[in-house]
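Undergrad: Got a structure for you, questions after.
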Amino acid sequence: MGVNYVWDLLMRARKQGLDVDKFRFVPAVSYSPYMELSLAELNTSHLEQVVEINPYYRFYSIFRDLFPPDAAEDLELRESLFDIMMHFLAEIDLYQGMNRREYHIRFVQRDIVDGIFGPKVKEAFGQLNREEQDAIAEGLLRLYETGEAVHLLKQTMRRVFHRSIIYTNCEEKDELLIYIGQEETMLSRVKVDLILDLFLPARFTTELYWTSHFGILEEDPTMKIDAIALY
């Protein structure tokens, strides 16, 4: 998939967990008048830190006087201004394509990063990738809107751990049986604890199962010998 616009580049970079603040935008020496980005390989999955831009494709009125022909004085200063302005324009470009809900999700993420939910949540949140952070923030936003904590706990856990299954046992006590579906590591434990801290109602207790599912009668996949966890 080709990349032609600055906002497209930023979206791809953030999905890959790259720091867009480290990108340096420079005016392209040679470019197509029909393209905004002058990438050597439009289909490459690797995003270079130095990105050549055709500043006249969409921003002619802003940059038309910044690089006049044969003007060599203060070139370093003008290139620095170009980089700063392109970062600013790229962020505006990206946010213009966001709807109100996406803005609210970003506000929730900002509150987490600012420590509004406490230092433990802030530290754990910083260890997630972009997709996982979006899942957590969107789940919290829906929690404020609906109050359906258990449902959103299940949904958010599934978005972070794609094989996870959560069973509710409310016959004798309020209990959740949580099958994660992958091996326990320090990072996976941090993710599980974060989701439970944010979404688990106080009255519920939990039992965690990582790779071995507990047996369920008449459910053959859960009744494999040597792969059954005891409940």
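Going by the structure tokens order, chains are called A, B, ..., each with residues numbered from 1, while ligands are numbered from 1 in the order shown.
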So that I can see what lies close to Thr211 in chain A, please list as a list in words the residues with an atom at most 9 Å from it, counting only C-alpha atoms and leaving out residues fewer than 2 positions away in the same chain.

TA: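 The contact residues come out as Tyr179, Ile180, Gly181, Gln182, Glu183, Glu184, Tyr209, His213, Ala227 and Ala229 of chain A.
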
Undergrad: Write out the residues from the selection above, keeping N, CA and C atoms, as a PDB file, in the first residue's frame.

TA:
ATOM      1  N   TYR A 179      -9.325 -17.414  31.069  1.00  0.00           N
ATOM      2  CA  TYR A 179      -8.355 -18.176  30.290  1.00  0.00           C
ATOM      3  C   TYR A 179      -7.654 -17.211  29.353  1.00  0.00           C
ATOM      4  N   ILE A 180      -6.328 -17.067  29.487  1.00  0.00           N
ATOM      5  CA  ILE A 180      -5.564 -16.091  28.711  1.00  0.00           C
ATOM      6  C   ILE A 180      -5.181 -16.637  27.341  1.00  0.00           C
ATOM      7  N   GLY A 181      -4.781 -17.893  27.273  1.00  0.00           N
ATOM      8  CA  GLY A 181      -4.458 -18.501  25.976  1.00  0.00           C
ATOM      9  C   GLY A 181      -3.040 -18.279  25.507  1.00  0.00           C
ATOM     10  N   GLN A 182      -2.140 -17.907  26.413  1.00  0.00           N
ATOM     11  CA  GLN A 182      -0.725 -17.785  26.063  1.00  0.00           C
ATOM     12  C   GLN A 182       0.107 -17.927  27.332  1.00  0.00           C
ATOM     13  N   GLU A 183       1.402 -18.128  27.160  1.00  0.00           N
ATOM     14  CA  GLU A 183       2.265 -18.328  28.311  1.00  0.00           C
ATOM     15  C   GLU A 183       2.386 -17.049  29.137  1.00  0.00           C
ATOM     16  N   GLU A 184       2.553 -17.244  30.442  1.00  0.00           N
ATOM     17  CA  GLU A 184       2.724 -16.105  31.338  1.00  0.00           C
ATOM     18  C   GLU A 184       4.152 -15.590  31.253  1.00  0.00           C
ATOM     19  N   TYR A 209      -6.038 -18.663  34.179  1.00  0.00           N
ATOM     20  CA  TYR A 209      -5.501 -19.854  33.520  1.00  0.00           C
ATOM     21  C   TYR A 209      -4.756 -19.361  32.279  1.00  0.00           C
ATOM     22  N   HIS A 213      -6.524 -24.826  29.723  1.00  0.00           N
ATOM     23  CA  HIS A 213      -7.925 -24.493  29.980  1.00  0.00           C
ATOM     24  C   HIS A 213      -8.500 -25.495  30.973  1.00  0.00           C
ATOM     25  N   ALA A 227      -3.771 -31.476  29.340  1.00  0.00           N
ATOM     26  CA  ALA A 227      -3.925 -30.058  28.975  1.00  0.00           C
ATOM     27  C   ALA A 227      -5.089 -29.428  29.713  1.00  0.00           C
ATOM     28  N   ALA A 229      -6.550 -27.738  33.205  1.00  0.00           N
ATOM     29  CA  ALA A 229      -6.226 -27.098  34.460  1.00  0.00           C
ATOM     30  C   ALA A 229      -7.319 -27.421  35.463  1.00  0.00           C
TER      31      ALA A 229
END

Undergrad: Name all residues at most 7 Å from range 27-35 of chain A (count only C-alpha atoms; drop same-chain ones fewer than 4 positions away) and give them as a list in words.

TA: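 Result of the neighbour search: Asn4, Glu52, Ile53, Asn54, Pro55 and Tyr57 of chain A.
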
Undergrad: Please return, as a PyMOL selection string, all residues of range 15-176 of chain A that DSSP assigns to strand (DSSP E or B) on the basis of the backbone.

TA: chain A and resi 24-27+37+50-53+165-169+175-176

Undergrad: Between A:Trp210, A:His162, A:Asp197, A:Glu175, single out the one closest to Lys120 in chain A, counting only C-alpha atoms.

TA: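 Closest to Lys120 in chain A, using only C-alpha atoms: A:Asp197.
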
Undergrad: Measuring atom to atom with only C-alpha atoms, identify which of A:Glu91, A:Leu200, A:Tyr60, A:Arg106 is nearest to Arg130 in chain A.

TA: A:Arg106

Undergrad: Distance table requested - range 102-124 of chain A against range 186-192 of chain A, cut-off 12 Å, only C-alpha atoms: one row per qualifying residue with the closest atom pair and its distance in Å to one decimal, ordered by chain and rising residue number, as JSON lines.

TA:
{"residue": "A:Lys120", "atom": "CA", "partner": "A:Val190", "partner_atom": "CA", "distance": 9.8}
{"residue": "A:Val121", "atom": "CA", "partner": "A:Val190", "partner_atom": "CA", "distance": 9.6}
{"residue": "A:Lys122", "atom": "CA", "partner": "A:Val190", "partner_atom": "CA", "distance": 11.5}
{"residue": "A:Glu123", "atom": "CA", "partner": "A:Val190", "partner_atom": "CA", "distance": 9.5}
{"residue": "A:Ala124", "atom": "CA", "partner": "A:Val190", "partner_atom": "CA", "distance": 6.2}

Undergrad: Which residues of range 79-162 of chain A come within 9 Å of range 8-20 of chain A, and for each one, what is the closest pair of atoms and their distance in Å to one decimal, counting only C-alpha atoms, sorted by chain and residue number, as CSV?

TA:
residue,atom,partner,partner_atom,distance
A:His87,CA,A:Val20,CA,8.6
A:Ala90,CA,A:Leu10,CA,7.6
A:Glu91,CA,A:Leu10,CA,8.3
A:Leu94,CA,A:Leu10,CA,7.6
A:Asn129,CA,A:Gly17,CA,6.4
A:Arg130,CA,A:Lys15,CA,6.0
A:Glu131,CA,A:Lys15,CA,6.9

Undergrad: Would you work out the distance separating CA of Gly126 in chain A from CA of Leu196 in chain A, expressed in Å to one decimal?

TA: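 Taking CA of Gly126 in chain A and CA of Leu196 in chain A, their separation equals 16.3 Å.
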
Undergrad: At what distance in Å, to one decimal, does CA of Arg142 in chain A lie from CA of Val113 in chain A?

TA: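 Between these atoms lies a distance of 18.6 Å.
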
Undergrad: If we count only C-alpha atoms and set the cut-off at 8 Å, which residues sit around Thr206 in chain A, ignoring sequence neighbours fewer than 5 positions away in its own chain? Please answer as JSON, numbers by chain.

TA: {"A": [175, 176, 177, 178]}

Undergrad: I'd like the neighbourhood of Leu153 in chain A as number ranges by chain, where a residue qualifies if any of its atoms comes within 8 Å (using only C-alpha atoms), though same-chain residues fewer than 4 positions away should be ignored.

TA: A: 139, 149, 157, 195-196, 199-200
